[in-house]
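Next up, coords_0.cif (mmCIF, C-alpha atoms):
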data_final
#
loop_
_atom_site.group_PDB
_atom_site.id
_atom_site.type_symbol
_atom_site.label_atom_id
_atom_site.label_comp_id
_atom_site.auth_asym_id
_atom_site.auth_seq_id
_atom_site.Cartn_x
_atom_site.Cartn_y
_atom_site.Cartn_z
ATOM 1 C CA MET A 559 125.970 -54.114 22.479
ATOM 2 C CA ILE A 560 125.515 -57.245 24.564
ATOM 3 C CA GLU A 561 122.275 -57.975 26.405
ATOM 4 C CA GLN A 562 123.993 -57.707 29.787
ATOM 5 C CA GLU A 563 124.902 -54.095 29.065
ATOM 6 C CA GLN A 564 121.431 -53.281 27.742
ATOM 7 C CA LYS A 565 119.910 -54.713 30.901
ATOM 8 C CA ALA A 566 122.261 -52.702 33.127
ATOM 9 C CA ILE A 567 121.543 -49.447 31.283
ATOM 10 C CA LEU A 568 117.794 -50.017 31.432
ATOM 11 C CA THR A 569 118.147 -50.756 35.146
ATOM 12 C CA ALA A 570 119.936 -47.414 35.595
ATOM 13 C CA CYS A 571 117.095 -45.688 33.734
ATOM 14 C CA LEU A 572 114.434 -47.351 35.862
ATOM 15 C CA MET A 573 116.312 -46.482 39.053
ATOM 16 C CA ALA A 574 116.460 -42.887 37.836
ATOM 17 C CA ALA A 575 112.749 -42.912 36.993
ATOM 18 C CA PHE A 576 111.827 -44.065 40.493
ATOM 19 C CA ALA A 577 114.477 -42.037 42.338
ATOM 20 C CA ASP A 578 111.955 -39.265 42.933
ATOM 21 C CA GLY A 579 109.602 -40.657 45.539
ATOM 22 C CA ASN A 580 107.177 -37.803 44.865
ATOM 23 C CA LYS A 581 106.437 -38.936 41.316
ATOM 24 C CA HIS A 582 102.704 -39.190 40.632
ATOM 25 C CA GLU A 583 101.334 -42.730 40.810
ATOM 26 C CA ARG A 584 99.901 -42.267 37.295
ATOM 27 C CA GLU A 585 103.427 -41.743 35.983
ATOM 28 C CA ARG A 586 104.775 -44.679 37.953
ATOM 29 C CA ALA A 587 102.096 -46.911 36.448
ATOM 30 C CA GLU A 588 102.949 -45.639 32.978
ATOM 31 C CA ILE A 589 106.627 -46.452 33.516
ATOM 32 C CA LYS A 590 105.671 -50.024 34.405
ATOM 33 C CA SER A 591 103.503 -50.197 31.279
ATOM 34 C CA ILE A 592 106.374 -48.942 29.120
ATOM 35 C CA ALA A 593 108.658 -51.624 30.521
ATOM 36 C CA GLU A 594 106.110 -54.267 29.621
ATOM 37 C CA SER A 595 105.721 -52.923 26.078
ATOM 38 C CA LEU A 596 109.485 -52.867 25.550
ATOM 39 C CA ALA A 597 109.763 -56.427 26.839
ATOM 40 C CA GLY A 598 108.257 -57.680 23.606
ATOM 41 C CA GLU A 599 111.232 -56.330 21.673
ATOM 42 C CA ALA A 600 113.991 -58.040 23.632
ATOM 43 C CA SER A 601 114.689 -61.196 25.576
ATOM 44 C CA ILE A 602 115.253 -59.081 28.706
ATOM 45 C CA ASN A 603 112.539 -59.513 31.343
ATOM 46 C CA LEU A 604 111.854 -55.817 31.854
ATOM 47 C CA SER A 605 108.899 -56.409 34.154
ATOM 48 C CA ALA A 606 111.279 -58.250 36.487
ATOM 49 C CA LEU A 607 113.711 -55.317 36.263
ATOM 50 C CA VAL A 608 110.949 -52.964 37.398
ATOM 51 C CA GLN A 609 110.226 -55.182 40.386
ATOM 52 C CA ASP A 610 113.923 -55.431 41.231
ATOM 53 C CA VAL A 611 114.172 -51.638 41.250
ATOM 54 C CA LEU A 612 110.980 -51.058 43.238
ATOM 55 C CA LEU A 613 111.915 -53.698 45.792
ATOM 56 C CA LYS A 614 115.483 -52.318 45.932
ATOM 57 C CA ARG A 615 117.026 -55.597 44.805
ATOM 58 C CA ALA A 616 118.959 -53.768 42.073
ATOM 59 C CA SER A 617 122.245 -52.267 43.216
ATOM 60 C CA LEU A 618 124.617 -49.718 41.738
ATOM 61 C CA PRO A 619 127.731 -51.897 42.234
ATOM 62 C CA ALA A 620 126.109 -54.792 40.327
ATOM 63 C CA LEU A 621 124.952 -52.418 37.617
ATOM 64 C CA ALA A 622 128.434 -50.970 37.201
ATOM 65 C CA ALA A 623 130.035 -54.416 37.095
ATOM 66 C CA ALA A 624 127.801 -55.379 34.174
ATOM 67 C CA LEU A 625 129.041 -52.442 32.068
ATOM 68 C CA SER A 626 132.371 -53.485 30.614
ATOM 69 C CA THR A 627 133.259 -50.500 28.433
ATOM 70 C CA PRO A 628 133.700 -46.766 29.067
ATOM 71 C CA GLN A 629 131.130 -46.092 26.326
ATOM 72 C CA SER A 630 128.427 -48.213 27.941
ATOM 73 C CA ARG A 631 129.090 -46.641 31.348
ATOM 74 C CA GLN A 632 128.887 -43.174 29.878
ATOM 75 C CA LEU A 633 125.663 -44.022 28.098
ATOM 76 C CA ALA A 634 124.133 -45.413 31.298
ATOM 77 C CA TYR A 635 124.881 -42.165 33.104
ATOM 78 C CA GLU A 636 123.681 -39.973 30.231
ATOM 79 C CA MET A 637 120.377 -41.810 29.884
ATOM 80 C CA ALA A 638 119.810 -41.661 33.646
ATOM 81 C CA VAL A 639 120.380 -37.890 33.555
ATOM 82 C CA CYS A 640 117.845 -37.523 30.760
ATOM 83 C CA VAL A 641 115.273 -39.633 32.623
ATOM 84 C CA CYS A 642 115.648 -37.391 35.690
ATOM 85 C CA ASP A 643 115.456 -34.215 33.597
ATOM 86 C CA ALA A 644 112.556 -35.275 31.364
ATOM 87 C CA ASP A 645 109.857 -33.824 33.620
ATOM 88 C CA GLY A 646 111.771 -30.694 34.601
ATOM 89 C CA ALA A 647 114.355 -29.653 37.136
ATOM 90 C CA GLN A 648 115.950 -32.441 39.171
ATOM 91 C CA SER A 649 114.681 -33.024 42.674
ATOM 92 C CA PRO A 650 117.155 -33.402 45.580
ATOM 93 C CA ALA A 651 116.528 -37.174 45.532
ATOM 94 C CA GLU A 652 117.322 -37.346 41.814
ATOM 95 C CA ARG A 653 120.515 -35.326 42.242
ATOM 96 C CA GLU A 654 121.576 -37.630 45.059
ATOM 97 C CA PHE A 655 120.918 -40.700 42.900
ATOM 98 C CA LEU A 656 122.867 -39.308 39.939
ATOM 99 C CA SER A 657 125.806 -38.495 42.195
ATOM 100 C CA ALA A 658 125.817 -42.058 43.546
ATOM 101 C CA LEU A 659 125.508 -43.475 40.026
ATOM 102 C CA ARG A 660 128.374 -41.330 38.784
ATOM 103 C CA GLY A 661 130.542 -42.579 41.628
ATOM 104 C CA ALA A 662 129.642 -46.222 41.052
ATOM 105 C CA LEU A 663 130.406 -45.952 37.350
ATOM 106 C CA GLY A 664 133.651 -44.099 37.903
ATOM 107 C CA ALA A 665 132.491 -41.468 35.437
ATOM 108 C CA ASP A 666 134.667 -38.467 34.723
ATOM 109 C CA ALA A 667 133.191 -35.710 36.869
ATOM 110 C CA GLY A 668 133.976 -32.927 34.408
ATOM 111 C CA ALA A 669 132.431 -34.651 31.404
ATOM 112 C CA ALA A 670 129.437 -35.741 33.471
ATOM 113 C CA GLU A 671 128.786 -32.191 34.651
ATOM 114 C CA VAL A 672 129.023 -30.838 31.103
ATOM 115 C CA PHE A 673 126.457 -33.363 29.866
ATOM 116 C CA ALA A 674 124.099 -32.773 32.802
ATOM 117 C CA ALA A 675 124.278 -29.007 32.280
ATOM 118 C CA GLU A 676 123.488 -29.369 28.573
ATOM 119 C CA ALA A 677 120.495 -31.602 29.314
ATOM 120 C CA GLU A 678 119.158 -29.123 31.858
ATOM 121 C CA ARG A 679 119.566 -26.212 29.454
ATOM 122 C CA ILE A 680 117.534 -28.055 26.824
ATOM 123 C CA VAL A 681 114.702 -29.042 29.142
ATOM 124 C CA GLU A 682 114.507 -25.569 30.714
ATOM 125 C CA VAL A 683 114.199 -23.622 27.447
ATOM 126 C CA PRO A 684 111.215 -21.247 27.827
ATOM 127 C CA VAL A 685 108.082 -22.436 26.056
ATOM 128 C CA ALA A 686 107.526 -18.958 24.627
ATOM 129 C CA PRO A 687 109.406 -18.483 21.328
ATOM 130 C CA LEU A 688 112.126 -15.892 20.899
ATOM 131 C CA THR A 689 109.876 -14.041 18.447
ATOM 132 C CA PRO A 690 106.591 -12.979 20.105
ATOM 133 C CA VAL A 691 103.393 -14.614 18.805
ATOM 134 C CA ALA A 692 100.375 -12.473 17.981
ATOM 135 C CA ALA A 693 97.535 -12.714 20.501
ATOM 136 C CA ALA A 694 94.983 -13.683 17.864
ATOM 137 C CA SER A 695 95.382 -16.589 15.479
ATOM 138 C CA THR A 696 96.241 -15.656 11.920
ATOM 139 C CA MET A 697 96.396 -19.294 10.841
ATOM 140 C CA ASN A 698 93.565 -21.009 9.062
ATOM 141 C CA ARG A 699 92.855 -24.723 9.456
ATOM 142 C CA GLU A 700 95.322 -25.732 6.747
ATOM 143 C CA GLU A 701 98.087 -23.569 8.183
ATOM 144 C CA MET A 702 97.540 -24.957 11.668
ATOM 145 C CA ASP A 703 97.617 -28.516 10.362
ATOM 146 C CA LYS A 704 100.872 -27.760 8.533
ATOM 147 C CA ALA A 705 102.459 -26.356 11.700
ATOM 148 C CA ILE A 706 101.510 -29.525 13.603
ATOM 149 C CA LEU A 707 102.756 -31.811 10.831
ATOM 150 C CA ASP A 708 106.039 -29.909 10.548
ATOM 151 C CA ALA A 709 106.609 -30.275 14.306
ATOM 152 C CA ALA A 710 105.826 -34.009 14.135
ATOM 153 C CA ILE A 711 108.253 -34.534 11.245
ATOM 154 C CA LEU A 712 110.967 -32.605 13.089
ATOM 155 C CA ASN A 713 110.564 -34.723 16.218
ATOM 156 C CA GLY A 714 110.559 -37.884 14.128
ATOM 157 C CA ALA A 715 113.798 -36.693 12.519
ATOM 158 C CA ILE A 716 115.376 -35.959 15.908
ATOM 159 C CA GLU A 717 114.526 -39.481 17.022
ATOM 160 C CA LEU A 718 116.635 -40.819 14.137
ATOM 161 C CA LEU A 719 119.755 -39.246 15.640
ATOM 162 C CA PRO A 720 121.850 -41.739 17.630
ATOM 163 C CA GLU A 721 123.044 -39.325 20.332
ATOM 164 C CA SER A 722 121.570 -39.988 23.767
ATOM 165 C CA LEU A 723 120.814 -36.293 24.250
ATOM 166 C CA ALA A 724 118.744 -36.035 21.057
ATOM 167 C CA THR A 725 115.601 -37.610 22.502
ATOM 168 C CA MET A 726 115.700 -35.045 25.317
ATOM 169 C CA ALA A 727 114.862 -32.299 22.789
ATOM 170 C CA ILE A 728 111.523 -33.866 21.824
ATOM 171 C CA ILE A 729 109.599 -33.020 25.006
ATOM 172 C CA PRO A 730 110.401 -29.274 25.084
ATOM 173 C CA LEU A 731 109.562 -29.077 21.364
ATOM 174 C CA GLN A 732 106.183 -30.676 22.077
ATOM 175 C CA MET A 733 105.598 -28.190 24.891
ATOM 176 C CA LYS A 734 106.479 -25.286 22.603
ATOM 177 C CA LEU A 735 104.007 -26.597 20.002
ATOM 178 C CA VAL A 736 101.207 -26.676 22.583
ATOM 179 C CA TYR A 737 102.188 -23.168 23.711
ATOM 180 C CA ARG A 738 102.044 -21.899 20.129
ATOM 181 C CA ILE A 739 98.620 -23.452 19.540
ATOM 182 C CA GLY A 740 97.175 -22.158 22.801
ATOM 183 C CA LYS A 741 98.605 -18.693 22.200
ATOM 184 C CA SER A 742 97.138 -18.591 18.701
ATOM 185 C CA TYR A 743 93.691 -19.032 20.236
ATOM 186 C CA GLY A 744 94.249 -16.350 22.847
ATOM 187 C CA TYR A 745 95.461 -18.438 25.797
ATOM 188 C CA GLU A 746 98.633 -17.415 27.622
ATOM 189 C CA LEU A 747 100.160 -20.692 28.783
ATOM 190 C CA ASP A 748 103.065 -21.379 31.086
ATOM 191 C CA ARG A 749 105.163 -24.522 31.502
ATOM 192 C CA GLY A 750 103.062 -25.760 34.430
ATOM 193 C CA HIS A 751 99.817 -25.512 32.484
ATOM 194 C CA ILE A 752 101.303 -27.313 29.485
ATOM 195 C CA LYS A 753 102.699 -30.115 31.661
ATOM 196 C CA ASP A 754 99.243 -30.552 33.198
ATOM 197 C CA PHE A 755 97.681 -30.635 29.731
ATOM 198 C CA LEU A 756 100.129 -33.312 28.565
ATOM 199 C CA ALA A 757 99.623 -35.381 31.716
ATOM 200 C CA THR A 758 95.836 -35.144 31.471
ATOM 201 C CA ALA A 759 95.970 -36.248 27.850
ATOM 202 C CA GLY A 760 98.004 -39.254 28.953
ATOM 203 C CA VAL A 761 101.509 -38.182 27.993
ATOM 204 C CA GLY A 762 103.883 -38.865 30.876
ATOM 205 C CA LEU A 763 107.117 -36.938 30.382
ATOM 206 C CA THR A 764 109.450 -39.392 32.101
ATOM 207 C CA SER A 765 107.726 -42.422 30.618
ATOM 208 C CA GLN A 766 107.749 -40.903 27.125
ATOM 209 C CA TYR A 767 111.500 -40.365 27.245
ATOM 210 C CA LEU A 768 112.021 -43.826 28.717
ATOM 211 C CA GLU A 769 110.014 -45.469 25.941
ATOM 212 C CA GLN A 770 111.711 -43.611 23.103
ATOM 213 C CA ALA A 771 115.238 -44.035 24.459
ATOM 214 C CA GLY A 772 114.586 -47.632 25.463
ATOM 215 C CA ARG A 773 113.560 -48.585 21.942
ATOM 216 C CA LYS A 774 116.690 -46.962 20.559
ATOM 217 C CA LEU A 775 118.842 -48.746 23.107
ATOM 218 C CA LEU A 776 117.345 -52.153 22.334
ATOM 219 C CA GLY A 777 117.827 -51.444 18.645
ATOM 220 C CA GLY A 778 121.495 -50.646 19.196
ATOM 221 C CA LEU A 779 121.046 -47.121 17.886
ATOM 222 C CA LEU A 780 122.382 -44.985 20.723
ATOM 223 C CA ARG A 781 125.670 -43.275 21.294
ATOM 224 C CA GLY A 782 126.844 -40.661 23.769
ATOM 225 C CA VAL A 783 127.792 -37.129 22.779
ATOM 226 C CA GLY A 784 131.412 -37.882 23.608
ATOM 227 C CA GLY A 785 131.325 -41.678 23.418
ATOM 228 C CA GLY A 786 131.500 -44.352 20.799
ATOM 229 C CA LEU A 787 128.703 -45.367 18.487
ATOM 230 C CA LEU A 788 126.634 -48.269 19.784
ATOM 231 C CA GLY A 789 124.860 -48.975 16.511
ATOM 232 C CA GLY A 790 124.665 -48.111 12.839
ATOM 233 C CA LEU A 791 123.948 -44.546 11.790
ATOM 234 C CA GLY A 792 122.059 -45.731 8.740
ATOM 235 C CA LYS A 793 119.468 -47.666 10.722
ATOM 236 C CA GLN A 794 116.016 -46.273 11.389
ATOM 237 C CA ALA A 795 115.292 -45.730 15.072
ATOM 238 C CA VAL A 796 112.218 -47.795 15.806
ATOM 239 C CA SER A 797 110.865 -45.098 18.115
ATOM 240 C CA SER A 798 110.780 -42.399 15.422
ATOM 241 C CA GLY A 799 107.226 -43.445 14.621
ATOM 242 C CA MET A 800 106.173 -42.895 18.234
ATOM 243 C CA SER A 801 107.824 -39.465 18.351
ATOM 244 C CA PHE A 802 106.092 -38.452 15.137
ATOM 245 C CA ALA A 803 102.744 -39.871 16.264
ATOM 246 C CA SER A 804 102.755 -38.465 19.805
ATOM 247 C CA THR A 805 103.680 -34.980 18.579
ATOM 248 C CA TYR A 806 101.073 -35.042 15.816
ATOM 249 C CA ALA A 807 98.372 -36.301 18.198
ATOM 250 C CA LEU A 808 99.237 -33.716 20.861
ATOM 251 C CA GLY A 809 99.071 -30.921 18.321
ATOM 252 C CA GLN A 810 95.705 -31.966 16.952
ATOM 253 C CA VAL A 811 94.179 -32.510 20.390
ATOM 254 C CA ALA A 812 95.554 -29.136 21.575
ATOM 255 C CA ARG A 813 93.985 -27.465 18.539
ATOM 256 C CA HIS A 814 90.568 -28.961 19.335
ATOM 257 C CA TYR A 815 90.943 -28.169 23.028
ATOM 258 C CA TYR A 816 91.881 -24.505 22.727
ATOM 259 C CA ALA A 817 89.770 -23.771 19.658
ATOM 260 C CA GLY A 818 86.783 -25.123 21.577
ATOM 261 C CA GLY A 819 87.404 -22.955 24.616
ATOM 262 C CA ARG A 820 88.978 -25.691 26.786
ATOM 263 C CA THR A 821 85.649 -27.456 27.287
ATOM 264 C CA LEU A 822 86.972 -31.039 27.097
ATOM 265 C CA ASN A 823 87.192 -32.818 30.447
ATOM 266 C CA ALA A 824 90.029 -35.128 31.465
ATOM 267 C CA GLN A 825 88.433 -38.312 30.109
ATOM 268 C CA MET A 826 87.510 -36.625 26.834
ATOM 269 C CA LEU A 827 91.101 -35.397 26.464
ATOM 270 C CA ARG A 828 92.520 -38.879 27.065
ATOM 271 C CA ASP A 829 90.050 -40.440 24.634
ATOM 272 C CA ALA A 830 90.780 -37.810 21.987
ATOM 273 C CA PHE A 831 94.534 -38.275 22.330
ATOM 274 C CA SER A 832 94.275 -42.061 22.187
ATOM 275 C CA GLU A 833 92.140 -41.909 19.042
ATOM 276 C CA MET A 834 94.385 -39.352 17.376
ATOM 277 C CA LEU A 835 97.517 -41.314 18.323
ATOM 278 C CA GLY A 836 96.180 -44.324 16.474
ATOM 279 C CA GLU A 837 95.465 -42.212 13.421
ATOM 280 C CA ALA A 838 98.904 -40.591 13.583
ATOM 281 C CA LYS A 839 100.666 -43.960 13.667
ATOM 282 C CA THR A 840 99.172 -44.780 10.276
ATOM 283 C CA LEU A 841 100.765 -41.636 8.830
ATOM 284 C CA GLN A 842 104.310 -42.383 10.002
ATOM 285 C CA SER A 843 105.397 -44.471 7.010
ATOM 286 C CA ARG A 844 104.113 -41.818 4.604
ATOM 287 C CA TYR A 845 106.315 -39.134 6.136
ATOM 288 C CA LEU A 846 109.326 -41.302 7.010
ATOM 289 C CA PRO A 847 111.297 -40.172 3.915
ATOM 290 C CA GLN A 848 110.868 -36.552 5.024
ATOM 291 C CA MET A 849 112.019 -37.429 8.549
ATOM 292 C CA GLN A 850 115.077 -39.206 7.177
ATOM 293 C CA ALA A 851 115.928 -36.298 4.882
ATOM 294 C CA GLN A 852 115.569 -33.774 7.718
ATOM 295 C CA ALA A 853 117.624 -35.940 10.089
ATOM 296 C CA ARG A 854 120.554 -35.732 7.674
ATOM 297 C CA THR A 855 120.538 -31.945 8.035
ATOM 298 C CA LEU A 856 120.390 -31.863 11.844
ATOM 299 C CA ASP A 857 123.468 -31.170 13.934
ATOM 300 C CA ALA A 858 123.251 -33.092 17.204
ATOM 301 C CA GLY A 859 125.746 -30.672 18.732
ATOM 302 C CA ARG A 860 123.315 -27.787 18.248
ATOM 303 C CA LEU A 861 120.198 -29.265 19.825
ATOM 304 C CA LEU A 862 119.880 -26.402 22.293
ATOM 305 C CA ASN A 863 119.822 -23.867 19.467
ATOM 306 C CA LEU A 864 117.217 -25.946 17.638
ATOM 307 C CA VAL A 865 114.897 -26.037 20.642
ATOM 308 C CA GLN A 866 115.393 -22.341 21.381
ATOM 309 C CA ARG A 867 114.528 -21.128 17.902
ATOM 310 C CA SER A 868 111.560 -23.437 17.284
#

Spit out the file's structure as structure tokens when you get a sec.
Amino acid sequence: MIEQEQKAILTACLMAAFADGNKHERERAEIKSIAESLAGEASINLSALVQDVLLKRASLPALAAALSTPQSRQLAYEMAVCVCDADGAQSPAEREFLSALRGALGADAGAAEVFAAEAERIVEVPVAPLTPVAAASTMNREEMDKAILDAAILNGAIELLPESLATMAIIPLQMKLVYRIGKSYGYELDRGHIKDFLATAGVGLTSQYLEQAGRKLLGGLLRGVGGGLLGGLGKQAVSSGMSFASTYALGQVARHYYAGGRTLNAQMLRDAFSEMLGEAKTLQSRYLPQMQAQARTLDAGRLLNLVQRS
């Protein structure tokens, strides 16, 4: 994939990320930070792209002209959909942007609607599992740690899949893990509470998706559900370590938070997550073989079922 196409797709993602004018300033700042961190992995000036988008110097016609293949145009649209869906249901402004993007790219309306519907179904899966969880925890410390590690390995494995929709499954799986942990300590959580917990800990939903997908894009490891492969299946997605680490850190911080009666304040939560994230990153290489083995058993076409039953 040529740099011009990577730049255009990232521009589409950034336009999608900022399409919702109501996005919290904390999330907007995190998106800028993600762009700067990704800039070190490519010759593309991502900080300049952010400024072009914020100052409305980036245009859809120019973006579309830079995408020379049907596959790259499809991927641009798919990633933009996932960026808009990452933090929940699309706002009217996001729907308007996606419609304009679809028109500029000349995307097939039927295929685009199918993809958008699948992404929305994944992100809107209820956090409560299909099988009810007992009100009181029956897990000891070792069992809880295993549940967190298993979830982290699964998300690391999902990040190894090249399909653009795969990364979308990571956020709802993280939310379901937090739900399970809170429930096991007697707290009945809903999606809004879990989103607030993640945000307070420093996990922006849109920015997390943007970082993970951006790393895969720059590594040439993405393909669309119905499009051509834009990289080698045998390569390791460089963001798998972040997916593993962020899930592991969230699980451990949630365990401390709910086991301790939710006494940690916002700063303590952010500090705890930051410290645990650093620790989790050191574990990634140890569990990479397990992530790779699990990735070989995953069916990208059944992501919705995977999220529902987890």

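The interatomic distance for the pair atom CA of A:Tyr635 and atom CA of A:Pro684 works out to 25.5 Å.
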
Checklist entry - What is the distance between atom CA of A:Ala812 and atom CA of A:Phe831, in Å to one decimal? => result 9.2 Å

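The space between atom CA of A:Thr569 and atom CA of A:Leu718 spans 23.3 Å.
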
Next on the checklist: Could you check the closest approach to A:Ala677 for each of A:Ala830, A:Met733, A:Ala587, A:Val865 and tell me which residue wins, using all atoms listed in the file?
Outcome noted: A:Val865

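Restricting the calculation to all atoms listed in the file, the smallest distance between A:Ser601 and any of A:Gln810, A:Cys571, A:Lys565, A:Arg820 is found for A:Lys565.
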
Item to check | Explicit residue set for the PyMOL selection byres ((chain A and resi 848) around 10), as number ranges by chain | outcome: A: 708, 711-712, 714-715, 843-847, 849-853

So what does the PyMOL selection byres ((chain A and resi 652-662) around 10) actually pick up in this one, as a PDB file with C-alpha atoms, in the frame of the given file?
ATOM      1  CA  ALA A 570     119.936 -47.414  35.595  1.00  0.00           C
ATOM      2  CA  MET A 573     116.312 -46.482  39.053  1.00  0.00           C
ATOM      3  CA  ALA A 574     116.460 -42.887  37.836  1.00  0.00           C
ATOM      4  CA  ALA A 575     112.749 -42.912  36.993  1.00  0.00           C
ATOM      5  CA  PHE A 576     111.827 -44.065  40.493  1.00  0.00           C
ATOM      6  CA  ALA A 577     114.477 -42.037  42.338  1.00  0.00           C
ATOM      7  CA  ASP A 578     111.955 -39.265  42.933  1.00  0.00           C
ATOM      8  CA  GLY A 579     109.602 -40.657  45.539  1.00  0.00           C
ATOM      9  CA  SER A 617     122.245 -52.267  43.216  1.00  0.00           C
ATOM     10  CA  LEU A 618     124.617 -49.718  41.738  1.00  0.00           C
ATOM     11  CA  PRO A 619     127.731 -51.897  42.234  1.00  0.00           C
ATOM     12  CA  ALA A 620     126.109 -54.792  40.327  1.00  0.00           C
ATOM     13  CA  LEU A 621     124.952 -52.418  37.617  1.00  0.00           C
ATOM     14  CA  ALA A 622     128.434 -50.970  37.201  1.00  0.00           C
ATOM     15  CA  ALA A 623     130.035 -54.416  37.095  1.00  0.00           C
ATOM     16  CA  ARG A 631     129.090 -46.641  31.348  1.00  0.00           C
ATOM     17  CA  GLN A 632     128.887 -43.174  29.878  1.00  0.00           C
ATOM     18  CA  ALA A 634     124.133 -45.413  31.298  1.00  0.00           C
ATOM     19  CA  TYR A 635     124.881 -42.165  33.104  1.00  0.00           C
ATOM     20  CA  GLU A 636     123.681 -39.973  30.231  1.00  0.00           C
ATOM     21  CA  ALA A 638     119.810 -41.661  33.646  1.00  0.00           C
ATOM     22  CA  VAL A 639     120.380 -37.890  33.555  1.00  0.00           C
ATOM     23  CA  VAL A 641     115.273 -39.633  32.623  1.00  0.00           C
ATOM     24  CA  CYS A 642     115.648 -37.391  35.690  1.00  0.00           C
ATOM     25  CA  ASP A 643     115.456 -34.215  33.597  1.00  0.00           C
ATOM     26  CA  ALA A 647     114.355 -29.653  37.136  1.00  0.00           C
ATOM     27  CA  GLN A 648     115.950 -32.441  39.171  1.00  0.00           C
ATOM     28  CA  SER A 649     114.681 -33.024  42.674  1.00  0.00           C
ATOM     29  CA  PRO A 650     117.155 -33.402  45.580  1.00  0.00           C
ATOM     30  CA  ALA A 651     116.528 -37.174  45.532  1.00  0.00           C
ATOM     31  CA  LEU A 663     130.406 -45.952  37.350  1.00  0.00           C
ATOM     32  CA  GLY A 664     133.651 -44.099  37.903  1.00  0.00           C
ATOM     33  CA  ALA A 665     132.491 -41.468  35.437  1.00  0.00           C
ATOM     34  CA  ASP A 666     134.667 -38.467  34.723  1.00  0.00           C
ATOM     35  CA  ALA A 667     133.191 -35.710  36.869  1.00  0.00           C
ATOM     36  CA  ALA A 670     129.437 -35.741  33.471  1.00  0.00           C
ATOM     37  CA  ALA A 674     124.099 -32.773  32.802  1.00  0.00           C
TER      38      ALA A 674
END

Checklist entry - With distances taken over all atoms listed in the file, which of A:Leu747, A:Ile567, A:Leu835, A:Leu768 is nearest to A:Cys640? => result A:Leu768

Next on the checklist: So that I can see what lies close to stretch 800-804 of chain A, please list as a PyMOL selection string the residues with an atom at most 8 Å from it, counting all atoms listed in the file and leaving out residues fewer than 4 positions away in the same chain.
Outcome noted: chain A and resi 710-714+717+728+770+808+835-836+838-839+841-842

Taking C-alpha atoms for each residue, export the selection above as a short mmCIF file (atom, residue, chain, number, x, y, z; two decimals), keeping the file's coordinate frame.
data_model
loop_
_atom_site.label_atom_id
_atom_site.label_comp_id
_atom_site.auth_asym_id
_atom_site.auth_seq_id
_atom_site.Cartn_x
_atom_site.Cartn_y
_atom_site.Cartn_z
CA ALA A 710 105.83 -34.01 14.14
CA ILE A 711 108.25 -34.53 11.24
CA LEU A 712 110.97 -32.60 13.09
CA ASN A 713 110.56 -34.72 16.22
CA GLY A 714 110.56 -37.88 14.13
CA GLU A 717 114.53 -39.48 17.02
CA ILE A 728 111.52 -33.87 21.82
CA GLN A 770 111.71 -43.61 23.10
CA LEU A 808 99.24 -33.72 20.86
CA LEU A 835 97.52 -41.31 18.32
CA GLY A 836 96.18 -44.32 16.47
CA ALA A 838 98.90 -40.59 13.58
CA LYS A 839 100.67 -43.96 13.67
CA LEU A 841 100.76 -41.64 8.83
CA GLN A 842 104.31 -42.38 10.00
#

Next on the checklist: Can you tell me which residues surround A:Ile680 at a distance of at most 12 Å, considering only C-alpha atoms, apart from same-chain residues fewer than 5 positions away, and format the answer as a VMD selection string?
Outcome noted: chain A and resid 640 643 to 647 673 to 675 685 723 to 731 859 to 867

Selection export as a PDB file, keeping the file's coordinate frame, atoms kept: C-alpha atoms:
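Saved file selection_10.pdb follows:
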ATOM      1  CA  CYS A 640     117.845 -37.523  30.760  1.00  0.00           C
ATOM      2  CA  ASP A 643     115.456 -34.215  33.597  1.00  0.00           C
ATOM      3  CA  ALA A 644     112.556 -35.275  31.364  1.00  0.00           C
ATOM      4  CA  ASP A 645     109.857 -33.824  33.620  1.00  0.00           C
ATOM      5  CA  GLY A 646     111.771 -30.694  34.601  1.00  0.00           C
ATOM      6  CA  ALA A 647     114.355 -29.653  37.136  1.00  0.00           C
ATOM      7  CA  PHE A 673     126.457 -33.363  29.866  1.00  0.00           C
ATOM      8  CA  ALA A 674     124.099 -32.773  32.802  1.00  0.00           C
ATOM      9  CA  ALA A 675     124.278 -29.007  32.280  1.00  0.00           C
ATOM     10  CA  VAL A 685     108.082 -22.436  26.056  1.00  0.00           C
ATOM     11  CA  LEU A 723     120.814 -36.293  24.250  1.00  0.00           C
ATOM     12  CA  ALA A 724     118.744 -36.035  21.057  1.00  0.00           C
ATOM     13  CA  THR A 725     115.601 -37.610  22.502  1.00  0.00           C
ATOM     14  CA  MET A 726     115.700 -35.045  25.317  1.00  0.00           C
ATOM     15  CA  ALA A 727     114.862 -32.299  22.789  1.00  0.00           C
ATOM     16  CA  ILE A 728     111.523 -33.866  21.824  1.00  0.00           C
ATOM     17  CA  ILE A 729     109.599 -33.020  25.006  1.00  0.00           C
ATOM     18  CA  PRO A 730     110.401 -29.274  25.084  1.00  0.00           C
ATOM     19  CA  LEU A 731     109.562 -29.077  21.364  1.00  0.00           C
ATOM     20  CA  GLY A 859     125.746 -30.672  18.732  1.00  0.00           C
ATOM     21  CA  ARG A 860     123.315 -27.787  18.248  1.00  0.00           C
ATOM     22  CA  LEU A 861     120.198 -29.265  19.825  1.00  0.00           C
ATOM     23  CA  LEU A 862     119.880 -26.402  22.293  1.00  0.00           C
ATOM     24  CA  ASN A 863     119.822 -23.867  19.467  1.00  0.00           C
ATOM     25  CA  LEU A 864     117.217 -25.946  17.638  1.00  0.00           C
ATOM     26  CA  VAL A 865     114.897 -26.037  20.642  1.00  0.00           C
ATOM     27  CA  GLN A 866     115.393 -22.341  21.381  1.00  0.00           C
ATOM     28  CA  ARG A 867     114.528 -21.128  17.902  1.00  0.00           C
TER      29      ARG A 867
END
